[in-house]
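Q: What follows is target20.txt, made up of compact mmCIF, C-alpha atoms and all ligand atoms:
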# COMPACT_ATOMS: atom_id res chain seq x y z
CA MET P 1 0.00 0.00 0.00
CA ARG P 2 1.37 3.29 -1.10
CA LEU P 3 0.52 5.97 1.41
CA CYS P 4 -0.63 9.17 -0.13
CA ARG P 5 -0.57 9.97 -3.76
CA ARG P 6 -3.01 12.12 -5.64
CA ARG P 7 -4.46 9.20 -7.57
CA SER P 8 -5.53 7.40 -4.44
CA HIS P 9 -8.09 10.09 -3.49
CA SER P 10 -6.31 10.41 -0.21
CA THR P 11 -6.26 13.64 1.68
CA ILE P 12 -2.69 14.25 2.64
CA GLN P 13 -2.16 16.16 5.80
CA PRO P 14 1.18 17.75 6.42
CA SER P 15 2.61 17.35 9.87
CA CYS P 16 2.83 20.16 12.36
CA TYR P 17 6.07 21.40 10.88
CA THR P 18 4.24 22.69 7.86
CA ARG P 19 1.29 23.98 9.85
CA CYS P 20 2.95 25.73 12.71
CA PRO P 21 3.73 29.35 12.12
CA SER P 22 7.28 29.24 13.45
CA SER P 23 9.02 26.84 11.10
CA CYS P 24 6.33 26.36 8.53
CA HIS P 25 6.63 27.96 5.18
CA LYS P 26 9.66 29.78 6.53
CA ALA P 27 12.07 28.22 4.11
CA LEU P 28 9.41 27.95 1.41
CA ASN P 29 8.74 31.67 1.49
CA CYS P 30 12.29 32.76 2.03
CA PRO P 31 14.41 33.11 -1.11
CA TYR P 32 17.63 32.64 0.85
CA GLU P 33 18.67 30.24 3.57
CA GLU P 34 21.93 30.15 5.47
CA VAL P 35 23.72 26.91 4.66
CA VAL P 36 26.87 25.24 5.88
CA ARG P 37 29.01 22.42 4.56
CA TYR P 38 28.22 19.29 6.52
CA GLN P 39 30.03 15.98 6.58
CA ARG P 40 28.23 13.24 8.47
CA HIS P 41 30.38 11.68 11.15
CA PRO P 42 30.52 7.88 10.67
CA GLN P 43 29.04 7.44 14.14
CA ASP P 44 26.10 9.76 13.47
CA ALA P 45 22.74 8.34 12.39
CA HIS P 46 22.30 8.22 8.63
CA ARG P 47 20.49 10.97 6.85
CA LEU P 48 16.92 10.19 5.79
CA ILE P 49 16.56 9.67 2.05
CA ALA P 50 13.29 11.24 0.87
CA LEU P 51 12.10 10.59 -2.68
CA LEU P 52 9.76 13.01 -4.38
CA GLY P 53 8.24 13.09 -7.85
CA PRO P 54 5.02 13.43 -9.81
CA SER P 55 2.54 10.59 -9.39
CA GLY P 56 3.27 7.65 -11.69
CA VAL P 57 6.88 8.60 -12.42
CA GLY P 58 8.13 5.53 -10.54
CA VAL P 59 9.10 6.82 -7.10
CA ASN P 60 7.69 3.83 -5.27
CA LYS P 61 9.12 1.28 -7.68
CA LEU P 62 12.58 2.82 -7.37
CA ARG P 63 12.41 2.89 -3.60
CA ARG P 64 11.29 -0.73 -3.40
CA ARG P 65 14.00 -1.89 -5.80
CA LEU P 66 16.68 -0.09 -3.83
CA ILE P 67 15.55 -1.79 -0.61
CA GLU P 68 15.09 -5.21 -2.23
CA MET P 69 18.57 -5.10 -3.72
CA ASN P 70 20.25 -3.89 -0.52
CA PRO P 71 18.11 -5.05 2.41
CA ASN P 72 20.99 -4.83 4.86
CA ILE P 73 21.62 -1.19 4.08
CA PHE P 74 18.24 0.37 3.27
CA GLN P 75 14.84 0.08 4.85
CA GLY P 76 11.45 1.78 4.55
CA ALA P 77 9.54 3.18 7.53
CA VAL P 78 6.65 0.98 8.69
CA PRO P 79 3.46 3.04 8.24
CA HIS P 80 0.58 3.24 10.71
CA THR P 81 -2.94 2.38 9.63
CA THR P 82 -6.39 2.13 11.11
CA ARG P 83 -7.43 -0.64 8.70
CA ALA P 84 -7.83 -4.18 9.96
CA PRO P 85 -4.84 -6.50 9.43
CA LYS P 86 -5.13 -9.20 6.78
CA GLY P 87 -4.48 -12.79 7.80
CA TYR P 88 -0.78 -12.85 6.95
CA GLU P 89 0.02 -9.36 8.28
CA GLU P 90 1.79 -8.71 11.55
CA SER P 91 1.69 -5.45 13.45
CA GLY P 92 5.05 -3.72 13.18
CA ARG P 93 6.01 -5.58 9.99
CA GLU P 94 3.72 -4.46 7.13
CA TYR P 95 2.02 -1.77 9.25
CA HIS P 96 1.57 -0.62 12.80
CA PHE P 97 -2.14 -1.39 13.19
CA THR P 98 -3.78 1.13 15.50
CA SER P 99 -7.23 2.28 16.50
CA ARG P 100 -8.61 5.48 15.03
CA GLU P 101 -8.47 7.02 18.48
CA ILE P 102 -4.74 6.39 18.82
CA PHE P 103 -4.14 7.51 15.24
CA ASP P 104 -6.05 10.75 15.80
CA ASN P 105 -4.13 11.30 18.97
CA MET P 106 -0.82 10.84 17.18
CA ALA P 107 -1.91 13.22 14.42
CA TYR P 108 -3.01 15.77 17.00
CA ASN P 109 0.38 15.52 18.70
CA ASN P 110 2.24 15.96 15.41
CA ARG P 111 3.74 12.50 15.38
CA PHE P 112 3.30 12.02 11.62
CA LEU P 113 5.43 13.34 8.78
CA GLU P 114 2.29 12.98 6.71
CA TYR P 115 -0.96 11.10 6.88
CA GLY P 116 -4.08 10.66 4.82
CA GLU P 117 -7.28 8.75 4.34
CA TYR P 118 -7.82 6.08 1.71
CA LYS P 119 -11.07 4.16 1.32
CA GLY P 120 -12.17 5.13 4.82
CA ASN P 121 -8.94 4.12 6.57
CA LEU P 122 -6.15 6.35 7.81
CA TYR P 123 -2.52 5.79 6.85
CA GLY P 124 0.49 7.71 8.08
CA THR P 125 4.26 7.74 8.27
CA SER P 126 5.35 8.55 11.80
CA ILE P 127 8.57 10.26 12.78
CA ALA P 128 9.10 7.42 15.27
CA SER P 129 9.02 4.81 12.47
CA VAL P 130 11.69 6.70 10.58
CA ARG P 131 13.71 7.14 13.77
CA GLU P 132 13.50 3.42 14.47
CA VAL P 133 15.15 2.62 11.12
CA LEU P 134 17.81 5.29 11.57
CA ASN P 135 18.56 4.08 15.10
CA SER P 136 19.02 0.53 13.79
CA GLY P 137 21.96 1.79 11.72
CA LYS P 138 20.17 1.41 8.37
CA ILE P 139 19.40 4.14 5.87
CA CYS P 140 15.70 4.98 5.89
CA VAL P 141 14.16 5.62 2.45
CA ILE P 142 10.66 7.06 2.16
CA ASP P 143 8.47 8.72 -0.47
CA ILE P 144 7.13 12.14 0.35
CA GLU P 145 4.71 14.64 -1.08
CA PRO P 146 5.79 18.28 -1.50
CA ASN P 147 3.85 19.36 1.57
CA SER P 148 6.06 17.16 3.73
CA ILE P 149 9.31 18.75 2.60
CA GLN P 150 9.47 21.00 5.62
CA ALA P 151 8.74 18.14 8.00
CA VAL P 152 11.69 16.07 6.82
CA ARG P 153 14.09 19.02 6.67
CA SER P 154 14.76 18.88 10.39
CA HIS P 155 17.80 18.82 12.60
CA GLU P 156 17.01 15.21 13.54
CA LEU P 157 16.20 13.67 10.13
CA ARG P 158 18.48 15.85 7.98
CA ALA P 159 16.70 14.60 4.87
CA TYR P 160 18.50 14.34 1.58
CA ILE P 161 15.76 15.01 -0.96
CA ILE P 162 15.95 13.25 -4.30
CA TYR P 163 13.64 14.44 -7.01
CA VAL P 164 12.56 11.78 -9.50
CA LYS P 165 11.90 13.47 -12.82
CA PRO P 166 10.14 12.05 -15.87
CA PRO P 167 12.31 11.73 -18.98
CA PRO P 168 11.43 13.75 -22.12
CA PRO P 169 7.93 12.89 -23.50
CA GLU P 170 9.06 10.51 -26.22
CA ARG P 171 11.25 8.52 -23.80
CA LEU P 172 8.51 8.52 -21.20
CA LYS P 173 6.12 6.92 -23.69
CA GLU P 174 8.70 4.46 -24.94
CA THR P 175 9.94 3.27 -21.54
CA ARG P 176 6.42 2.89 -20.07
CA ARG P 177 5.07 0.95 -23.08
CA ASP P 178 4.77 -2.27 -21.06
CA SER P 179 4.15 -0.66 -17.64
CA TYR P 180 0.92 -0.34 -15.74
CA ILE P 181 -0.42 2.52 -13.68
CA THR P 182 -2.80 2.45 -10.73
CA THR P 183 -5.34 5.25 -10.70
CA SER P 184 -8.37 6.12 -8.60
CA TYR P 185 -10.52 3.87 -10.77
CA TYR P 186 -8.20 1.16 -12.07
CA VAL P 187 -5.57 -1.03 -10.53
CA ASN P 188 -2.89 -1.69 -13.11
CA ARG P 189 -4.02 -0.42 -16.48
CA PRO P 190 -1.66 0.55 -19.31
CA PHE P 191 -0.44 4.17 -19.34
CA LYS P 192 -2.42 6.56 -21.58
CA ASP P 193 -1.33 9.81 -23.23
CA GLU P 194 -3.32 11.74 -20.59
CA ASP P 195 -1.24 10.11 -17.84
CA PHE P 196 1.98 11.24 -19.47
CA GLN P 197 0.64 14.75 -19.94
CA GLU P 198 -0.55 14.96 -16.35
CA MET P 199 2.79 13.65 -15.12
CA GLU P 200 4.68 16.28 -17.12
CA GLU P 201 2.43 19.08 -15.87
CA ASP P 202 2.80 17.91 -12.27
CA ALA P 203 6.55 17.66 -12.73
CA GLN P 204 6.81 21.20 -14.08
CA LYS P 205 4.81 22.57 -11.17
CA MET P 206 6.81 20.60 -8.61
CA GLU P 207 10.09 21.78 -10.11
CA SER P 208 9.05 25.40 -10.29
CA ASP P 209 7.72 25.43 -6.71
CA PHE P 210 10.25 23.26 -4.89
CA CYS P 211 13.46 22.84 -6.88
CA GLN P 212 15.42 24.75 -4.23
CA PHE P 213 14.92 21.79 -1.90
CA PHE P 214 16.17 19.11 -4.29
CA ASP P 215 19.57 17.79 -3.22
CA HIS P 216 19.74 15.51 -6.22
CA VAL P 217 17.73 14.85 -9.39
CA ILE P 218 17.30 11.49 -11.11
CA VAL P 219 15.70 11.35 -14.55
CA ASN P 220 13.78 8.08 -14.42
CA ASP P 221 14.39 6.84 -17.94
CA GLU P 222 15.69 3.24 -17.87
CA GLN P 223 14.77 1.69 -14.53
CA GLN P 224 18.05 -0.12 -14.07
CA ASP P 225 20.09 3.07 -14.62
CA SER P 226 17.86 5.01 -12.25
CA CYS P 227 18.32 2.40 -9.56
CA VAL P 228 22.10 2.56 -9.91
CA GLN P 229 21.93 6.37 -9.74
CA LEU P 230 19.74 6.20 -6.65
CA LEU P 231 22.14 3.88 -4.88
CA ALA P 232 25.06 6.20 -5.69
CA ALA P 233 23.13 9.29 -4.54
CA ALA P 234 22.01 7.65 -1.29
CA ARG P 235 25.61 6.71 -0.50
CA LYS P 236 26.90 10.15 -1.43
CA ALA P 237 24.36 11.71 0.93
CA GLN P 238 25.90 9.79 3.81
CA ASP P 239 29.59 9.84 2.94
CA GLU P 240 30.33 13.12 1.18
CA PRO P 241 30.11 16.71 2.42
CA GLN P 242 26.84 18.41 1.52
CA TRP P 243 25.35 21.88 1.90
CA VAL P 244 22.66 21.81 4.59
CA PRO P 245 20.69 24.50 6.45
CA ALA P 246 22.89 26.08 9.12
CA SER P 247 20.08 25.55 11.65
CA TRP P 248 20.62 21.77 11.44
CA ILE P 249 24.13 22.16 12.73
CA ARG P 250 23.46 25.01 15.14
CA PRO P 251 19.93 24.13 16.19
CA THR P 252 17.66 26.94 17.26
CA ALA P 253 14.45 26.55 19.23
CA GLU P 254 12.59 26.42 15.91
CA SER P 255 14.59 23.77 14.05
N1 LIG P 301 11.85 3.68 -15.47
C1 LIG P 301 10.71 3.04 -15.68
N2 LIG P 301 10.48 2.44 -16.86
C2 LIG P 301 9.33 1.78 -17.08
N3 LIG P 301 8.33 1.64 -16.20
C3 LIG P 301 8.49 2.23 -15.00
C4 LIG P 301 9.68 2.93 -14.66
N4 LIG P 301 9.58 3.40 -13.40
C5 LIG P 301 8.37 2.97 -12.96
N5 LIG P 301 7.73 2.27 -13.89
C6 LIG P 301 6.39 1.66 -13.79
O1 LIG P 301 5.45 2.73 -13.70
C7 LIG P 301 4.35 2.35 -12.87
C8 LIG P 301 4.18 3.41 -11.78
O2 LIG P 301 5.30 3.33 -10.89
P1 LIG P 301 5.15 3.68 -9.35
O3 LIG P 301 3.95 3.03 -8.77
O4 LIG P 301 6.44 3.44 -8.72
O5 LIG P 301 4.84 5.23 -9.48
P2 LIG P 301 4.78 6.32 -8.35
O6 LIG P 301 5.65 7.44 -8.76
O7 LIG P 301 5.05 5.71 -7.04
O8 LIG P 301 3.28 6.84 -8.49
P3 LIG P 301 1.98 6.55 -7.58
O9 LIG P 301 2.29 7.05 -6.25
O10 LIG P 301 0.91 7.32 -8.24
O11 LIG P 301 1.78 5.07 -7.61
C9 LIG P 301 4.72 0.97 -12.30
O12 LIG P 301 4.06 -0.01 -13.08
C10 LIG P 301 6.22 0.86 -12.51
O13 LIG P 301 6.63 -0.47 -12.69
Show me this structure written as structure tokens.
Ligand SMILES: Nc1ncnc2c1ncn2[C@@H]1O[C@H](COP(=O)(O)OP(=O)(O)OP(=O)(O)O)[C@@H](O)[C@H]1O
A:
Amino acid sequence: MRLCRRRSHSTIQPSCYTRCPSSCHKALNCPYEEVVRYQRHPQDAHRLIALLGPSGVGVNKLRRRLIEMNPNIFQGAVPHTTRAPKGYEESGREYHFTSREIFDNMAYNNRFLEYGEYKGNLYGTSIASVREVLNSGKICVIDIEPNSIQAVRSHELRAYIIYVKPPPPERLKETRRDSYITTSYYVNRPFKDEDFQEMEEDAQKMESDFCQFFDHVIVNDEQQDSCVQLLAAARKAQDEPQWVPASWIRPTAES
């Protein structure tokens, strides 16, 4: 289950970071941000890898492949849900199964990076789930929506944001010839021209509104190449010096 993408009719709620007046929209509205060169100490927790891209571009597929190919290094965060577990599911493995009351309470207390509703059930990625992966020594890889950018850009998570961009239109069509898309109405139907057009429009908007937060861009043309690029970028994020907001290194009350 993919958490919150536009096609799923889910209503994505940003966490408190994007709602609260102190940190929210601060960086989004501010054309400049003080940055410093940061090199992660080998003993520090890994930086969160957050993937972002227009719906259907292949963010989830890339993330899953990265984890499947390197399960000892990368891991996703276990989401919370209010839906009932299926027979084979175990709480804490596929999902943290919780009551609506507990979920609402967590949302109220700003415990989610993002959450949303899908077919009457709530789903959310909690900060604690991400922290659990980072504390285990693995690199946590999650998908985010633009409205969660501020939530992951924190002193604790120090997210490295990778934007997954569609290739030029003719390559997009060619590479997705045998692929299937899941929409609000269909599970796995072939891509149509409208899907490609919508993806390109979404991509343009995302780039124009948020490109200042992209630490790295991957053009998702051939899947295998993209996966190799993602692995290299995720390693670089941990091992090489990067520009990060100064507030991450000299935390203020707001960061
Ligand atoms: N580089 C690629 N070449 C061909 N097909 C691809 C590529 N990347 C992803 N796909 C296929 O495109 C479809 C959509 O991918 P995916 O579900 O990962 O998209 P997404 O960005 O997570 O969007 P959504 O959140 O709307 O599901 C899948 O069938 C996937 O296998």
Q: Per residue of chain P within 7 Å of ligand LIG 301 (chain P), which atom pair is closest and at what distance in Å (one decimal), using only C-alpha atoms and all ligand atoms, listed by chain and increasing number, as a tab-separated table?
A:
residue	atom	partner	partner_atom	distance
P:Arg2	CA	P:LIG301	O9	6.4
P:Arg5	CA	P:LIG301	O9	4.8
P:Arg6	CA	P:LIG301	O10	6.7
P:Arg7	CA	P:LIG301	O10	5.7
P:Gly53	CA	P:LIG301	O6	6.3
P:Pro54	CA	P:LIG301	O6	6.1
P:Ser55	CA	P:LIG301	O10	3.8
P:Gly56	CA	P:LIG301	O8	3.3
P:Val57	CA	P:LIG301	O6	4.0
P:Gly58	CA	P:LIG301	O4	3.2
P:Val59	CA	P:LIG301	O6	3.9
P:Asn60	CA	P:LIG301	O4	3.7
P:Lys61	CA	P:LIG301	O4	3.6
P:Leu62	CA	P:LIG301	O4	6.3
P:Thr175	CA	P:LIG301	C2	4.7
P:Arg176	CA	P:LIG301	C2	4.3
P:Ser179	CA	P:LIG301	O12	4.6
P:Tyr180	CA	P:LIG301	O12	4.1
P:Ile181	CA	P:LIG301	C7	4.8
P:Thr182	CA	P:LIG301	O11	6.1
P:Asn220	CA	P:LIG301	N1	4.9
P:Asp221	CA	P:LIG301	N1	4.7
P:Glu222	CA	P:LIG301	N1	4.5
P:Gln223	CA	P:LIG301	N1	3.7
P:Ser226	CA	P:LIG301	N1	6.9
Q: Separation of atom CA of P:Gln238 and atom CA of P:Tyr115, in Å?
A: 27.1 Å
Q: So how far away is atom CA of P:His216 from atom CA of P:Val164, in Å?
A: 8.7 Å
Q: With all atoms listed in the file as the basis for distance, which of P:Leu230, P:Ala128, P:Val187, P:Val35 is at the shortest distance from P:Ala50?
A: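 Smallest separation from P:Ala50 among the options: P:Leu230.
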Q: Select, from P:Leu122, P:Val217, P:Val244, P:Ile142, the residue with the minimum atom-to-atom distance to P:Ile102, counting all atoms listed in the file.
A: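 Looking at the shortest contact to P:Ile102, the residue is P:Leu122.
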Q: Counting all atoms listed in the file, which residue out of P:Asp215, P:Asn121, P:Ser136, P:Arg63 sits closest to P:Pro85?
A: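 Smallest separation from P:Pro85 among the options: P:Asn121.
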Q: Using all atoms listed in the file, find the one residue out of P:Pro166, P:Ala203, P:Met69, P:Arg83 that sits nearest to P:Tyr118.
A: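 With all atoms listed in the file as the atom set, the closest residue is P:Arg83.
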Q: Atom CA of P:Pro71 to atom CA of P:Ala151: how many Å, to one decimal?
A: 25.6 Å
Q: Emit stretch 62-78 of chain P of the structure in the block as a file comprising N, CA and C atoms, as a PDB file, in the first residue's frame.
A:
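As a result, selection.pdb now contains:
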ATOM      1  N   LEU P  62      11.145   2.599  -7.586  1.00  0.00           N
ATOM      2  CA  LEU P  62      12.584   2.824  -7.372  1.00  0.00           C
ATOM      3  C   LEU P  62      12.970   2.546  -5.925  1.00  0.00           C
ATOM      4  N   ARG P  63      12.136   3.062  -5.032  1.00  0.00           N
ATOM      5  CA  ARG P  63      12.410   2.891  -3.599  1.00  0.00           C
ATOM      6  C   ARG P  63      12.403   1.406  -3.235  1.00  0.00           C
ATOM      7  N   ARG P  64      11.389   0.700  -3.741  1.00  0.00           N
ATOM      8  CA  ARG P  64      11.287  -0.730  -3.400  1.00  0.00           C
ATOM      9  C   ARG P  64      12.457  -1.518  -3.973  1.00  0.00           C
ATOM     10  N   ARG P  65      12.855  -1.165  -5.192  1.00  0.00           N
ATOM     11  CA  ARG P  65      13.998  -1.895  -5.796  1.00  0.00           C
ATOM     12  C   ARG P  65      15.275  -1.662  -5.014  1.00  0.00           C
ATOM     13  N   LEU P  66      15.470  -0.409  -4.590  1.00  0.00           N
ATOM     14  CA  LEU P  66      16.682  -0.092  -3.826  1.00  0.00           C
ATOM     15  C   LEU P  66      16.732  -0.943  -2.553  1.00  0.00           C
ATOM     16  N   ILE P  67      15.594  -1.033  -1.877  1.00  0.00           N
ATOM     17  CA  ILE P  67      15.549  -1.789  -0.614  1.00  0.00           C
ATOM     18  C   ILE P  67      15.697  -3.288  -0.881  1.00  0.00           C
ATOM     19  N   GLU P  68      15.005  -3.775  -1.919  1.00  0.00           N
ATOM     20  CA  GLU P  68      15.089  -5.212  -2.232  1.00  0.00           C
ATOM     21  C   GLU P  68      16.513  -5.632  -2.591  1.00  0.00           C
ATOM     22  N   MET P  69      17.208  -4.739  -3.283  1.00  0.00           N
ATOM     23  CA  MET P  69      18.567  -5.102  -3.722  1.00  0.00           C
ATOM     24  C   MET P  69      19.599  -4.948  -2.614  1.00  0.00           C
ATOM     25  N   ASN P  70      19.286  -4.120  -1.605  1.00  0.00           N
ATOM     26  CA  ASN P  70      20.251  -3.889  -0.521  1.00  0.00           C
ATOM     27  C   ASN P  70      19.550  -3.910   0.831  1.00  0.00           C
ATOM     28  N   PRO P  71      18.936  -5.045   1.185  1.00  0.00           N
ATOM     29  CA  PRO P  71      18.110  -5.050   2.407  1.00  0.00           C
ATOM     30  C   PRO P  71      18.896  -4.842   3.690  1.00  0.00           C
ATOM     31  N   ASN P  72      20.207  -5.044   3.635  1.00  0.00           N
ATOM     32  CA  ASN P  72      20.991  -4.834   4.864  1.00  0.00           C
ATOM     33  C   ASN P  72      21.386  -3.372   5.058  1.00  0.00           C
ATOM     34  N   ILE P  73      21.205  -2.598   4.007  1.00  0.00           N
ATOM     35  CA  ILE P  73      21.618  -1.186   4.084  1.00  0.00           C
ATOM     36  C   ILE P  73      20.411  -0.247   4.166  1.00  0.00           C
ATOM     37  N   PHE P  74      19.391  -0.543   3.356  1.00  0.00           N
ATOM     38  CA  PHE P  74      18.245   0.370   3.266  1.00  0.00           C
ATOM     39  C   PHE P  74      16.976  -0.273   3.820  1.00  0.00           C
ATOM     40  N   GLN P  75      16.121   0.582   4.348  1.00  0.00           N
ATOM     41  CA  GLN P  75      14.835   0.079   4.854  1.00  0.00           C
ATOM     42  C   GLN P  75      13.790   1.187   4.771  1.00  0.00           C
ATOM     43  N   GLY P  76      12.536   0.804   4.545  1.00  0.00           N
ATOM     44  CA  GLY P  76      11.451   1.784   4.553  1.00  0.00           C
ATOM     45  C   GLY P  76      10.945   1.948   5.985  1.00  0.00           C
ATOM     46  N   ALA P  77      10.146   2.986   6.210  1.00  0.00           N
ATOM     47  CA  ALA P  77       9.538   3.176   7.534  1.00  0.00           C
ATOM     48  C   ALA P  77       8.207   2.436   7.539  1.00  0.00           C
ATOM     49  N   VAL P  78       7.920   1.717   8.615  1.00  0.00           N
ATOM     50  CA  VAL P  78       6.647   0.978   8.690  1.00  0.00           C
ATOM     51  C   VAL P  78       5.517   1.986   8.959  1.00  0.00           C
TER      52      VAL P  78
END
